[in-house]
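**Student:** coords_31.cif is the file, holding mmCIF, C-alpha atoms:
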```
data_my_file
#
loop_
_atom_site.label_atom_id
_atom_site.label_comp_id
_atom_site.auth_asym_id
_atom_site.auth_seq_id
_atom_site.Cartn_x
_atom_site.Cartn_y
_atom_site.Cartn_z
CA MET A 3 -26.20 28.48 15.06
CA ALA A 4 -24.74 26.52 12.24
CA LYS A 5 -22.44 23.70 13.16
CA LEU A 6 -19.08 22.72 11.79
CA ARG A 7 -18.68 19.40 10.10
CA VAL A 8 -15.34 18.08 11.26
CA GLY A 9 -13.28 15.23 9.88
CA VAL A 10 -9.97 14.12 11.34
CA VAL A 11 -8.17 11.78 8.95
CA SER A 12 -4.75 10.17 8.82
CA PRO A 13 -3.38 8.32 5.78
CA GLU A 14 -4.21 4.96 7.29
CA ARG A 15 -7.68 5.59 8.67
CA GLU A 16 -10.41 8.08 9.42
CA ILE A 17 -9.93 8.96 13.07
CA TRP A 18 -13.04 10.90 13.86
CA SER A 19 -15.84 12.69 12.11
CA GLY A 20 -18.85 14.52 13.41
CA GLU A 21 -20.29 17.94 14.20
CA ALA A 22 -18.82 20.57 16.48
CA ASP A 23 -19.11 24.18 17.62
CA MET A 24 -15.45 25.05 17.53
CA VAL A 25 -12.11 23.58 16.52
CA VAL A 26 -8.80 24.72 17.99
CA ALA A 27 -5.59 23.63 16.30
CA LYS A 28 -1.99 24.70 16.37
CA THR A 29 -0.52 25.85 13.06
CA VAL A 30 3.07 26.93 12.49
CA ASP A 31 1.89 30.51 12.92
CA GLY A 32 0.21 29.87 16.24
CA GLU A 33 -3.09 28.62 17.55
CA ILE A 34 -6.10 28.99 15.34
CA GLY A 35 -9.68 28.75 16.47
CA ILE A 36 -12.32 27.93 13.91
CA MET A 37 -15.99 28.66 14.46
CA PRO A 38 -18.86 28.29 12.03
CA ARG A 39 -18.80 30.62 9.01
CA HIS A 40 -15.04 30.99 9.24
CA ALA A 41 -13.37 32.17 6.04
CA PRO A 42 -11.70 29.43 4.00
CA VAL A 43 -8.24 28.67 5.40
CA LEU A 44 -5.55 26.18 4.61
CA GLY A 45 -2.94 25.92 7.36
CA VAL A 46 0.11 23.84 8.10
CA LEU A 47 -0.02 22.14 11.50
CA VAL A 48 2.95 21.85 13.82
CA GLU A 49 4.62 18.61 14.74
CA GLY A 50 3.32 17.45 18.10
CA GLY A 51 0.31 19.71 18.40
CA VAL A 52 -2.94 19.15 20.27
CA LEU A 53 -6.23 19.44 18.44
CA ARG A 54 -9.32 20.33 20.44
CA VAL A 55 -12.80 19.92 19.05
CA LYS A 56 -15.55 21.55 21.13
CA ARG A 57 -18.60 19.47 20.53
CA GLY A 58 -21.10 21.70 22.34
CA ASP A 59 -24.55 20.45 23.46
CA GLY A 60 -22.98 19.12 26.65
CA GLY A 61 -20.78 16.70 24.74
CA ALA A 62 -17.27 16.23 26.02
CA ASP A 63 -14.46 17.90 24.07
CA LEU A 64 -12.57 15.74 21.67
CA VAL A 65 -8.84 16.00 22.15
CA ALA A 66 -6.27 14.45 19.84
CA ALA A 67 -2.52 14.54 19.44
CA VAL A 68 -1.77 15.53 15.86
CA HIS A 69 1.67 15.22 14.33
CA GLY A 70 2.16 17.37 11.26
CA GLY A 71 -0.31 17.74 8.44
CA PHE A 72 -2.87 20.36 7.48
CA ILE A 73 -6.12 21.92 8.46
CA SER A 74 -8.45 23.02 5.75
CA VAL A 75 -11.60 25.02 6.33
CA ALA A 76 -14.22 25.79 3.73
CA ASP A 77 -17.97 26.12 3.89
CA ASN A 78 -18.30 25.04 7.54
CA GLN A 79 -16.37 21.92 6.69
CA VAL A 80 -13.17 21.42 8.68
CA SER A 81 -10.75 18.73 7.57
CA VAL A 82 -7.72 17.89 9.63
CA LEU A 83 -5.25 15.89 7.59
CA ALA A 84 -2.72 14.54 10.03
CA GLU A 85 0.33 12.53 9.09
CA ALA A 86 -0.23 10.68 12.32
CA ALA A 87 -2.87 11.30 14.95
CA GLU A 88 -4.19 9.71 18.06
CA LEU A 89 -7.30 10.43 20.10
CA GLY A 90 -6.65 11.41 23.71
CA SER A 91 -8.76 8.49 24.88
CA GLU A 92 -6.63 6.07 22.86
CA VAL A 93 -3.27 7.22 24.17
CA ASP A 94 -1.34 4.68 26.21
CA VAL A 95 -0.19 7.05 28.96
CA ALA A 96 2.46 4.75 30.39
CA ALA A 97 3.98 4.13 26.96
CA ALA A 98 3.93 7.83 26.08
CA ARG A 99 5.59 8.74 29.38
CA ASP A 100 8.19 6.07 28.76
CA ALA A 101 8.85 7.39 25.24
CA LEU A 102 9.14 10.94 26.60
CA GLU A 103 11.72 9.90 29.18
CA ARG A 104 13.79 8.00 26.66
CA ALA A 105 13.68 10.83 24.12
CA GLN A 106 14.46 13.41 26.81
CA ALA A 107 17.48 11.37 27.86
CA SER A 108 18.86 11.38 24.31
CA VAL A 109 18.25 15.11 23.99
CA ASP A 110 20.12 15.68 27.27
CA ALA A 111 22.99 13.56 25.99
CA ASP A 112 23.14 15.23 22.59
CA ALA A 113 21.47 18.61 22.20
CA ASP A 114 21.67 18.45 18.38
CA ASP A 115 19.68 15.25 18.13
CA ALA A 116 16.79 16.57 16.03
CA GLU A 117 15.12 13.18 15.87
CA ALA A 118 14.95 12.92 19.65
CA ALA A 119 13.76 16.51 20.01
CA LEU A 120 10.90 15.68 17.66
CA GLU A 121 10.15 12.58 19.66
CA VAL A 122 9.95 14.67 22.84
CA LYS A 123 7.41 16.97 21.18
CA ARG A 124 5.35 14.06 20.00
CA ALA A 125 5.32 12.33 23.37
CA ARG A 126 4.40 15.63 25.10
CA ALA A 127 1.50 16.13 22.70
CA ARG A 128 0.23 12.62 23.32
CA LEU A 129 0.35 13.14 27.07
CA ARG A 130 -1.38 16.52 26.84
CA ALA A 131 -4.06 14.99 24.63
CA ALA A 132 -4.61 12.31 27.25
CA GLY A 133 -5.13 15.01 29.86
CA GLU A 134 -1.86 14.37 31.69
CA ASP A 135 0.61 17.16 32.34
CA ALA A 136 3.91 16.99 30.55
CA MET B 24 2.48 -55.60 -5.96
CA GLY B 25 3.52 -54.44 -9.43
CA ALA B 26 6.16 -51.78 -9.89
CA GLN B 27 3.75 -49.56 -11.81
CA LEU B 28 1.22 -49.69 -9.04
CA ARG B 29 3.76 -48.65 -6.44
CA LEU B 30 4.95 -45.76 -8.61
CA LEU B 31 1.43 -44.42 -9.08
CA ARG B 32 0.70 -44.68 -5.37
CA ARG B 33 3.79 -42.64 -4.60
CA ARG B 34 2.87 -39.95 -7.12
CA ILE B 35 -0.66 -39.66 -5.78
CA LYS B 36 0.71 -39.19 -2.29
CA SER B 37 3.06 -36.40 -3.36
CA VAL B 38 0.40 -34.60 -5.43
CA ARG B 39 -1.99 -34.82 -2.52
CA SER B 40 0.46 -33.06 -0.20
CA THR B 41 1.06 -30.37 -2.83
CA ALA B 42 -2.69 -29.83 -3.07
CA LYS B 43 -2.86 -29.41 0.70
CA ILE B 44 -0.21 -26.67 0.60
CA THR B 45 -1.74 -24.78 -2.32
CA ARG B 46 -5.18 -25.02 -0.76
CA ALA B 47 -3.85 -23.54 2.49
CA GLN B 48 -2.14 -20.73 0.55
CA GLU B 49 -5.38 -20.04 -1.28
CA LEU B 50 -7.31 -19.71 1.97
CA ILE B 51 -4.68 -17.46 3.54
CA ALA B 52 -4.67 -15.20 0.48
CA SER B 53 -8.49 -15.01 0.50
CA SER B 54 -8.58 -13.80 4.07
CA ARG B 55 -5.81 -11.27 3.41
CA ILE B 56 -7.54 -9.74 0.40
CA VAL B 57 -10.41 -8.73 2.66
CA LYS B 58 -8.00 -7.02 5.05
CA ALA B 59 -6.12 -5.34 2.22
CA GLN B 60 -9.38 -4.05 0.77
CA ALA B 61 -10.39 -2.66 4.15
CA ARG B 62 -7.07 -0.79 4.37
CA MET B 63 -7.62 0.60 0.88
CA ALA B 64 -11.05 1.84 1.93
CA ALA B 65 -9.65 3.35 5.14
CA ALA B 66 -7.13 5.40 3.15
CA VAL B 67 -9.79 6.94 0.90
CA PRO B 68 -10.85 9.89 3.13
CA TYR B 69 -7.28 11.17 3.45
CA GLU B 70 -6.67 10.89 -0.28
CA ARG B 71 -9.88 12.73 -1.05
CA GLU B 72 -9.06 15.54 1.39
CA ILE B 73 -5.49 16.00 0.25
CA THR B 74 -6.53 16.10 -3.39
CA ARG B 75 -9.10 18.74 -2.50
CA ALA B 76 -6.48 20.75 -0.63
CA VAL B 77 -4.04 20.60 -3.55
CA THR B 78 -6.78 21.65 -5.93
CA ALA B 79 -7.66 24.52 -3.64
CA VAL B 80 -4.11 25.85 -3.49
CA VAL B 81 -3.48 25.44 -7.18
CA SER B 82 -6.72 27.08 -8.25
CA GLY B 83 -6.38 29.82 -5.62
CA THR B 84 -3.03 31.07 -6.82
CA THR B 85 -2.61 32.37 -10.31
CA SER B 86 0.75 30.88 -11.15
CA VAL B 87 2.12 27.82 -9.51
CA SER B 88 5.80 27.33 -9.69
CA HIS B 89 7.29 24.87 -7.33
CA PRO B 90 10.33 22.61 -7.80
CA LEU B 91 8.01 19.60 -7.87
CA THR B 92 5.86 20.95 -10.69
CA VAL B 93 8.53 22.33 -12.98
CA GLU B 94 9.12 20.29 -16.08
CA LYS B 95 12.70 20.06 -17.33
CA GLU B 96 13.14 21.09 -20.94
CA ARG B 97 15.52 18.25 -21.70
CA PRO B 98 15.02 15.47 -19.21
CA ALA B 99 18.06 13.18 -19.07
CA LYS B 100 17.17 10.62 -16.44
CA ALA B 101 13.86 9.20 -15.32
CA GLY B 102 13.24 7.24 -12.15
CA VAL B 103 10.89 4.30 -12.49
CA LEU B 104 9.39 2.97 -9.27
CA ILE B 105 8.53 -0.69 -9.81
CA VAL B 106 6.22 -2.13 -7.19
CA THR B 107 6.66 -5.92 -7.12
CA SER B 108 5.90 -8.46 -4.42
CA ASP B 109 8.24 -10.06 -1.91
CA ARG B 110 6.98 -13.58 -2.41
CA GLY B 111 6.18 -15.57 -5.50
CA PHE B 112 3.33 -18.07 -5.84
CA ALA B 113 1.25 -15.32 -7.37
CA GLY B 114 0.93 -16.41 -10.97
CA GLY B 115 1.86 -13.78 -13.50
CA PHE B 116 1.74 -10.91 -11.02
CA ASN B 117 5.41 -9.97 -11.08
CA ALA B 118 6.07 -11.11 -14.66
CA ASN B 119 3.32 -8.84 -16.01
CA LEU B 120 4.58 -5.93 -13.97
CA LEU B 121 8.20 -6.32 -15.02
CA ARG B 122 7.20 -6.69 -18.66
CA GLU B 123 5.33 -3.40 -18.46
CA ALA B 124 8.31 -1.78 -16.71
CA GLU B 125 10.56 -2.97 -19.54
CA ALA B 126 8.17 -1.48 -22.10
CA LEU B 127 8.27 1.84 -20.26
CA ALA B 128 12.07 1.73 -20.14
CA GLY B 129 12.07 1.17 -23.92
CA LEU B 130 9.79 4.16 -24.46
CA LEU B 131 11.98 6.34 -22.28
CA ARG B 132 15.11 5.31 -24.18
CA GLU B 133 13.41 6.25 -27.44
CA ARG B 134 12.94 9.72 -25.99
CA GLU B 135 16.65 9.60 -25.11
CA VAL B 136 15.91 9.54 -21.43
CA MET B 137 17.86 7.13 -19.31
CA PRO B 138 15.61 5.04 -17.07
CA VAL B 139 16.75 4.43 -13.49
CA PRO B 140 14.84 1.65 -11.74
CA PHE B 141 13.77 2.08 -8.12
CA VAL B 142 12.57 -1.31 -7.06
CA MET B 143 10.27 -2.38 -4.29
CA GLY B 144 9.79 -6.05 -3.44
CA ARG B 145 12.22 -8.96 -3.35
CA LYS B 146 11.04 -10.42 -6.67
CA GLY B 147 11.82 -7.25 -8.57
CA ILE B 148 15.17 -6.85 -6.85
CA ALA B 149 16.10 -10.44 -7.75
CA TRP B 150 15.02 -9.85 -11.34
CA HIS B 151 17.27 -6.79 -11.65
CA SER B 152 20.28 -8.24 -9.86
CA PHE B 153 20.09 -11.46 -11.92
CA ARG B 154 20.41 -9.37 -15.08
CA GLY B 155 23.09 -7.21 -13.53
CA ARG B 156 21.03 -4.03 -13.92
CA PRO B 157 21.95 -1.08 -11.75
CA ILE B 158 19.24 -0.06 -9.29
CA GLY B 159 18.66 3.48 -7.98
CA ALA B 160 17.35 2.25 -4.63
CA SER B 161 15.41 -0.73 -3.39
CA TRP B 162 13.06 -1.62 -0.56
CA SER B 163 11.68 -4.97 0.51
CA GLY B 164 9.93 -6.78 3.30
CA PHE B 165 6.56 -5.03 3.34
CA SER B 166 4.94 -5.64 -0.04
CA ASP B 167 1.95 -7.51 1.39
CA ASN B 168 1.29 -5.12 4.26
CA PRO B 169 2.62 -1.62 3.56
CA THR B 170 2.24 1.20 6.09
CA TYR B 171 2.30 4.94 5.50
CA GLY B 172 5.79 5.02 6.99
CA HIS B 173 7.01 2.80 4.15
CA ALA B 174 5.39 5.02 1.54
CA LYS B 175 6.98 8.06 3.16
CA GLN B 176 10.39 6.41 3.11
CA ILE B 177 10.07 5.71 -0.62
CA ALA B 178 8.69 9.16 -1.36
CA ASP B 179 11.50 10.85 0.56
CA THR B 180 14.14 9.01 -1.45
CA LEU B 181 12.43 9.79 -4.74
CA ILE B 182 11.82 13.46 -3.97
CA GLU B 183 15.40 13.81 -2.80
CA ALA B 184 16.67 12.33 -6.07
CA PHE B 185 14.25 14.53 -8.01
CA LYS B 186 15.39 17.74 -6.33
CA ASP B 187 19.04 16.88 -6.84
CA GLU B 188 20.45 18.77 -9.86
CA ASN B 189 22.19 15.70 -11.23
CA GLY B 190 19.47 13.34 -10.10
CA ILE B 191 16.41 12.24 -11.96
CA ASP B 192 14.18 14.58 -13.90
CA GLU B 193 10.92 12.70 -13.82
CA ILE B 194 9.42 9.85 -11.82
CA HIS B 195 7.12 7.16 -13.13
CA ILE B 196 5.44 4.49 -11.10
CA VAL B 197 4.66 1.03 -12.43
CA SER B 198 2.28 -0.83 -10.17
CA THR B 199 -0.72 -3.09 -10.20
CA SER B 200 -4.04 -1.48 -9.50
CA PHE B 201 -6.83 -3.43 -7.92
CA VAL B 202 -9.87 -3.12 -10.16
CA SER B 203 -11.86 -5.96 -8.65
CA MET B 204 -11.35 -9.33 -7.03
CA LEU B 205 -10.94 -10.86 -10.50
CA THR B 206 -9.26 -8.05 -12.39
CA GLN B 207 -5.99 -6.38 -11.60
CA GLU B 208 -4.30 -4.15 -14.09
CA VAL B 209 -0.74 -3.01 -14.43
CA THR B 210 -0.74 0.77 -14.61
CA VAL B 211 2.00 3.21 -15.50
CA LYS B 212 1.70 6.72 -14.13
CA ARG B 213 3.96 9.71 -14.00
CA ILE B 214 3.95 11.16 -10.50
CA LEU B 215 6.65 13.84 -10.79
CA PRO B 216 6.76 16.53 -12.00
CA LEU B 217 3.13 16.93 -11.00
CA GLU B 218 0.90 17.73 -13.86
CA ILE B 219 -1.38 20.63 -13.24
CA GLU B 220 -4.47 20.43 -15.29
CA VAL B 221 -6.07 23.71 -16.05
CA SER B 222 -9.73 23.04 -16.51
CA THR B 223 -12.34 25.62 -17.18
CA GLU B 224 -15.12 23.43 -15.88
CA ALA B 225 -16.40 24.09 -12.40
CA PRO B 226 -15.36 21.33 -9.99
CA ALA B 227 -18.04 19.09 -8.51
CA GLY B 228 -19.82 20.69 -5.58
CA GLY B 229 -19.61 24.23 -6.86
CA PRO B 230 -16.60 26.47 -7.39
CA LEU B 231 -13.86 26.31 -4.80
CA PRO B 232 -13.66 29.30 -2.47
CA TYR B 233 -10.55 31.45 -2.26
CA PHE B 234 -8.45 30.27 0.61
CA GLU B 235 -6.37 32.14 3.11
CA PHE B 236 -3.10 30.43 3.82
CA GLU B 237 -1.28 29.96 7.09
CA PRO B 238 1.54 30.92 6.97
CA SER B 239 1.68 31.58 3.18
CA ALA B 240 0.63 29.96 -0.06
CA ASP B 241 4.19 29.04 -0.95
CA GLU B 242 4.90 27.43 2.36
CA VAL B 243 1.64 25.53 2.34
CA LEU B 244 2.47 24.25 -1.13
CA ASP B 245 5.93 23.34 0.06
CA THR B 246 4.58 20.98 2.69
CA LEU B 247 1.47 19.95 0.79
CA LEU B 248 3.06 18.63 -2.41
CA PRO B 249 5.41 16.10 -0.82
CA ARG B 250 2.47 14.83 1.27
CA TYR B 251 0.47 14.51 -1.91
CA VAL B 252 3.22 12.48 -3.57
CA GLU B 253 3.44 10.28 -0.47
CA SER B 254 -0.28 9.72 -0.57
CA ARG B 255 -0.11 8.74 -4.27
CA ILE B 256 2.65 6.25 -3.52
CA PHE B 257 0.82 4.90 -0.47
CA ASN B 258 -2.23 4.37 -2.62
CA ALA B 259 -0.15 2.47 -5.19
CA LEU B 260 1.36 0.28 -2.46
CA LEU B 261 -2.04 -0.55 -0.96
CA GLN B 262 -3.51 -1.40 -4.35
CA SER B 263 -0.50 -3.49 -5.21
CA ALA B 264 -0.79 -5.40 -1.92
CA ALA B 265 -4.45 -6.17 -2.51
CA SER B 266 -3.68 -7.20 -6.10
CA GLU B 267 -0.86 -9.44 -4.94
CA HIS B 268 -3.20 -11.33 -2.62
CA ALA B 269 -5.86 -11.59 -5.31
CA ALA B 270 -3.32 -12.88 -7.85
CA ARG B 271 -1.98 -15.36 -5.32
CA ARG B 272 -5.44 -16.61 -4.48
CA ARG B 273 -6.22 -17.17 -8.15
CA ALA B 274 -2.89 -18.89 -8.85
CA MET B 275 -3.27 -21.14 -5.82
CA LYS B 276 -6.83 -22.00 -6.70
CA SER B 277 -5.87 -23.18 -10.17
CA ALA B 278 -2.92 -25.08 -8.69
CA THR B 279 -5.27 -26.86 -6.28
CA ASP B 280 -7.73 -27.66 -9.06
CA ASN B 281 -4.91 -28.95 -11.19
CA ALA B 282 -3.60 -31.18 -8.39
CA ASN B 283 -7.06 -32.61 -7.78
CA GLU B 284 -7.40 -33.39 -11.48
CA LEU B 285 -4.01 -35.16 -11.43
CA ILE B 286 -5.06 -37.19 -8.40
CA ARG B 287 -8.20 -38.25 -10.26
CA VAL B 288 -6.26 -39.35 -13.36
CA PHE B 289 -3.62 -41.18 -11.34
CA THR B 290 -6.23 -42.99 -9.24
CA GLN B 291 -7.91 -44.16 -12.43
CA GLN B 292 -4.62 -45.40 -13.84
CA MET B 293 -3.80 -47.09 -10.56
CA ASN B 294 -7.14 -48.92 -10.50
CA GLN B 295 -6.61 -49.97 -14.09
CA ALA B 296 -3.16 -51.33 -13.31
CA ARG B 297 -4.47 -53.19 -10.27
CA GLN B 298 -7.32 -54.68 -12.28
CA ALA B 299 -4.93 -55.73 -15.04
CA GLU B 300 -2.75 -57.43 -12.46
CA ILE B 301 -5.69 -59.34 -10.98
CA THR B 302 -6.92 -60.36 -14.44
CA GLN B 303 -3.51 -61.60 -15.32
CA GLU B 304 -3.22 -63.60 -12.09
CA ILE B 305 -6.61 -65.21 -12.67
CA SER B 306 -5.78 -66.12 -16.26
CA GLU B 307 -2.50 -67.60 -15.07
CA ILE B 308 -4.27 -69.71 -12.44
CA VAL B 309 -6.93 -70.80 -14.93
CA GLY B 310 -4.27 -71.57 -17.52
CA GLY B 311 -2.31 -73.59 -14.96
CA ALA B 312 -5.41 -75.47 -13.83
CA ASN B 313 -6.37 -76.22 -17.45
CA ALA B 314 -2.88 -77.48 -18.19
CA LEU B 315 -3.04 -79.76 -15.12
CA ALA B 316 -6.49 -80.99 -16.13
CA ASP B 317 -5.31 -81.67 -19.70
CA ALA B 318 -2.30 -83.57 -18.41
CA ALA B 319 -4.52 -85.67 -16.09
CA ALA B 320 -6.93 -86.42 -18.99
CA GLY B 321 -4.03 -87.51 -21.23
CA LYS B 322 -2.82 -90.11 -18.68
CA GLU B 323 -6.10 -91.91 -18.51
#
```
Represent the structure of the file as structure tokens.

**Tutor:**
Amino acid sequence: MAKLRVGVVSPEREIWSGEADMVVAKTVDGEIGIMPRHAPVLGVLVEGGVLRVKRGDGGADLVAAVHGGFISVADNQVSVLAEAAELGSEVDVAAARDALERAQASVDADADDAEAALEVKRARARLRAAGEDA
Amino acid sequence: MGAQLRLLRRRIKSVRSTAKITRAQELIASSRIVKAQARMAAAVPYEREITRAVTAVVSGTTSVSHPLTVEKERPAKAGVLIVTSDRGFAGGFNANLLREAEALAGLLREREVMPVPFVMGRKGIAWHSFRGRPIGASWSGFSDNPTYGHAKQIADTLIEAFKDENGIDEIHIVSTSFVSMLTQEVTVKRILPLEIEVSTEAPAGGPLPYFEFEPSADEVLDTLLPRYVESRIFNALLQSAASEHAARRRAMKSATDNANELIRVFTQQMNQARQAEITQEISEIVGGANALADAAAGKE
């Protein structure tokens, strides 16, 4: 079966690129799973989503926290353009947990604090990407 | 020791310490260019992908009308983003840039459009405040090492002003682009409204497929275009940072060379003065001795 060529890029660096069997991302409409020969799609990703790249061939899945951006699929080429992204293996779990607690505290104090609510989402995504439960 | 000799010695000492400073600055700038170039290279994949995505949306829909692409019939105000550096010691870097920005402002006035400067970098801010020019907004403190967050901050302000009814109607960016280690050019580009080029030629790599959009073409465009503007600005900031270091390296290199040349000339003059002093002393001694000898001969 044909493989997908996947590139995960953020404005400051290329985060990962390689081949995969399937890519699962979360767009504003819901989760989208991309397999080879998928029709061309351009989707808007949610803030604080988790991207999963199934490598196949016994390779471990690649998991990344992706904050905003786009996914574009054409011709078995999947590009994930994230405004900010972090591989699960790179996440500093203690720092993320700390950030989550602090953001959660400000949300509890002021339910309208949109900034903090966003921060909670981001920290959750980072923890989920690292394989922790949040 | 003669007064002249002492003076020259003092000057040589001061020039030598200047040369040390400029040499250090040159080395620092050289190492930073490499880093700045690496950051420019790291940003390339994202730029390429976002340009592709914009092209895909624009060519996939028949008519694109979005606030960011609509051209005003009678533009009244134009924002000019001027990307200068925070620190000097970079030769003509800022002067060239500001001259070009002035030229653009002149052109805009001819078209009866009022230019509004948006300034980045302490040097540009100082230039404007010294002349008492009003500034739309200003940013400083990151000219030599910009992050995407900075670019986003600038883009947000500009887009906000652009969307505002009484705000600005077009946005130009004046920045230095990094052509090579030796060549940096000041470039003037219009970033908003976005120009959509309709080309009949097939794009490289075959025609673009028709995309499906999640959730819809309009909404994708809505989020995509600001990101595209941010990416353009980020690119300009990165190029400007690399150019700043290259300009500084060149300026500091010529300053060091110049100081070394001065040291050479002064050392020569100092040796000459010392030699003249010795010659004079010897001729005085010889003259004195001769006079004594003549006097002794006269007595006999």

**Student:** What are the residues of chain A lining chain B at 10 Å or less? Count only C-alpha atoms, and put the answer as an MDAnalysis selection string.

**Tutor:** chainID A and resid 9:17 29:32 34 41:47 70:77 81:86

**Student:** Using only C-alpha atoms, find the one residue out of B:Ala318, B:Ile256, B:Val57, B:Ile35 that sits nearest to Asp179 of chain B.

**Tutor:** B:Ile256

**Student:** Evaluate the PyMOL selection byres ((chain B and resi 136) around 7) on the structure here and hand back the selected residues as JSON, numbers by chain.

**Tutor:** {"B": [98, 99, 100, 101, 131, 132, 134, 135, 137, 138]}

**Student:** Put those residues in a file: C-alpha atoms, as a PDB file, in the coordinates of the input.

**Tutor:**
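Contents of selection.pdb, freshly written:
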```pdb
ATOM      1  CA  PRO B  98      15.020  15.470 -19.210  1.00  0.00           C
ATOM      2  CA  ALA B  99      18.060  13.180 -19.070  1.00  0.00           C
ATOM      3  CA  LYS B 100      17.170  10.620 -16.440  1.00  0.00           C
ATOM      4  CA  ALA B 101      13.860   9.200 -15.320  1.00  0.00           C
ATOM      5  CA  LEU B 131      11.980   6.340 -22.280  1.00  0.00           C
ATOM      6  CA  ARG B 132      15.110   5.310 -24.180  1.00  0.00           C
ATOM      7  CA  ARG B 134      12.940   9.720 -25.990  1.00  0.00           C
ATOM      8  CA  GLU B 135      16.650   9.600 -25.110  1.00  0.00           C
ATOM      9  CA  MET B 137      17.860   7.130 -19.310  1.00  0.00           C
ATOM     10  CA  PRO B 138      15.610   5.040 -17.070  1.00  0.00           C
TER      11      PRO B 138
END
```

**Student:** Report the residues retrieved by the PyMOL selection byres ((chain B and resi 139) around 12) from the displayed file, expressed as a ChimeraX atom specification.

**Tutor:** /B:99-105,124-125,127-129,131-132,136-138,140-142,151,156-161,181,184-185,190-196

**Student:** Atom CA of Ile214 of chain B to atom CA of Asp187 of chain B: how many Å, to one decimal?

**Tutor:**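 Computing the Euclidean distance for atom CA of Ile214 of chain B and atom CA of Asp187 of chain B yields 16.5 Å.
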
**Student:** If we count all atoms listed in the file, what is near segment 108-123 of chain A at a cut-off of 9 Å, once residues fewer than 6 positions away on the same chain are taken out, given as a list in words?

**Tutor:**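 Skipping anything fewer than 6 positions along the chain leaves Glu49, Gly50, Gly51, Ala101 and Leu102 of chain A.
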
**Student:** Exactly which residues make up the result of the PyMOL selection byres ((chain A and resi 99) around 12) on this file, given as JSON, numbers by chain?

**Tutor:** {"A": [93, 94, 95, 96, 97, 98, 100, 101, 102, 103, 104, 105, 106, 121, 122, 123, 124, 125, 126, 127, 128, 129, 130, 132, 134, 135, 136]}
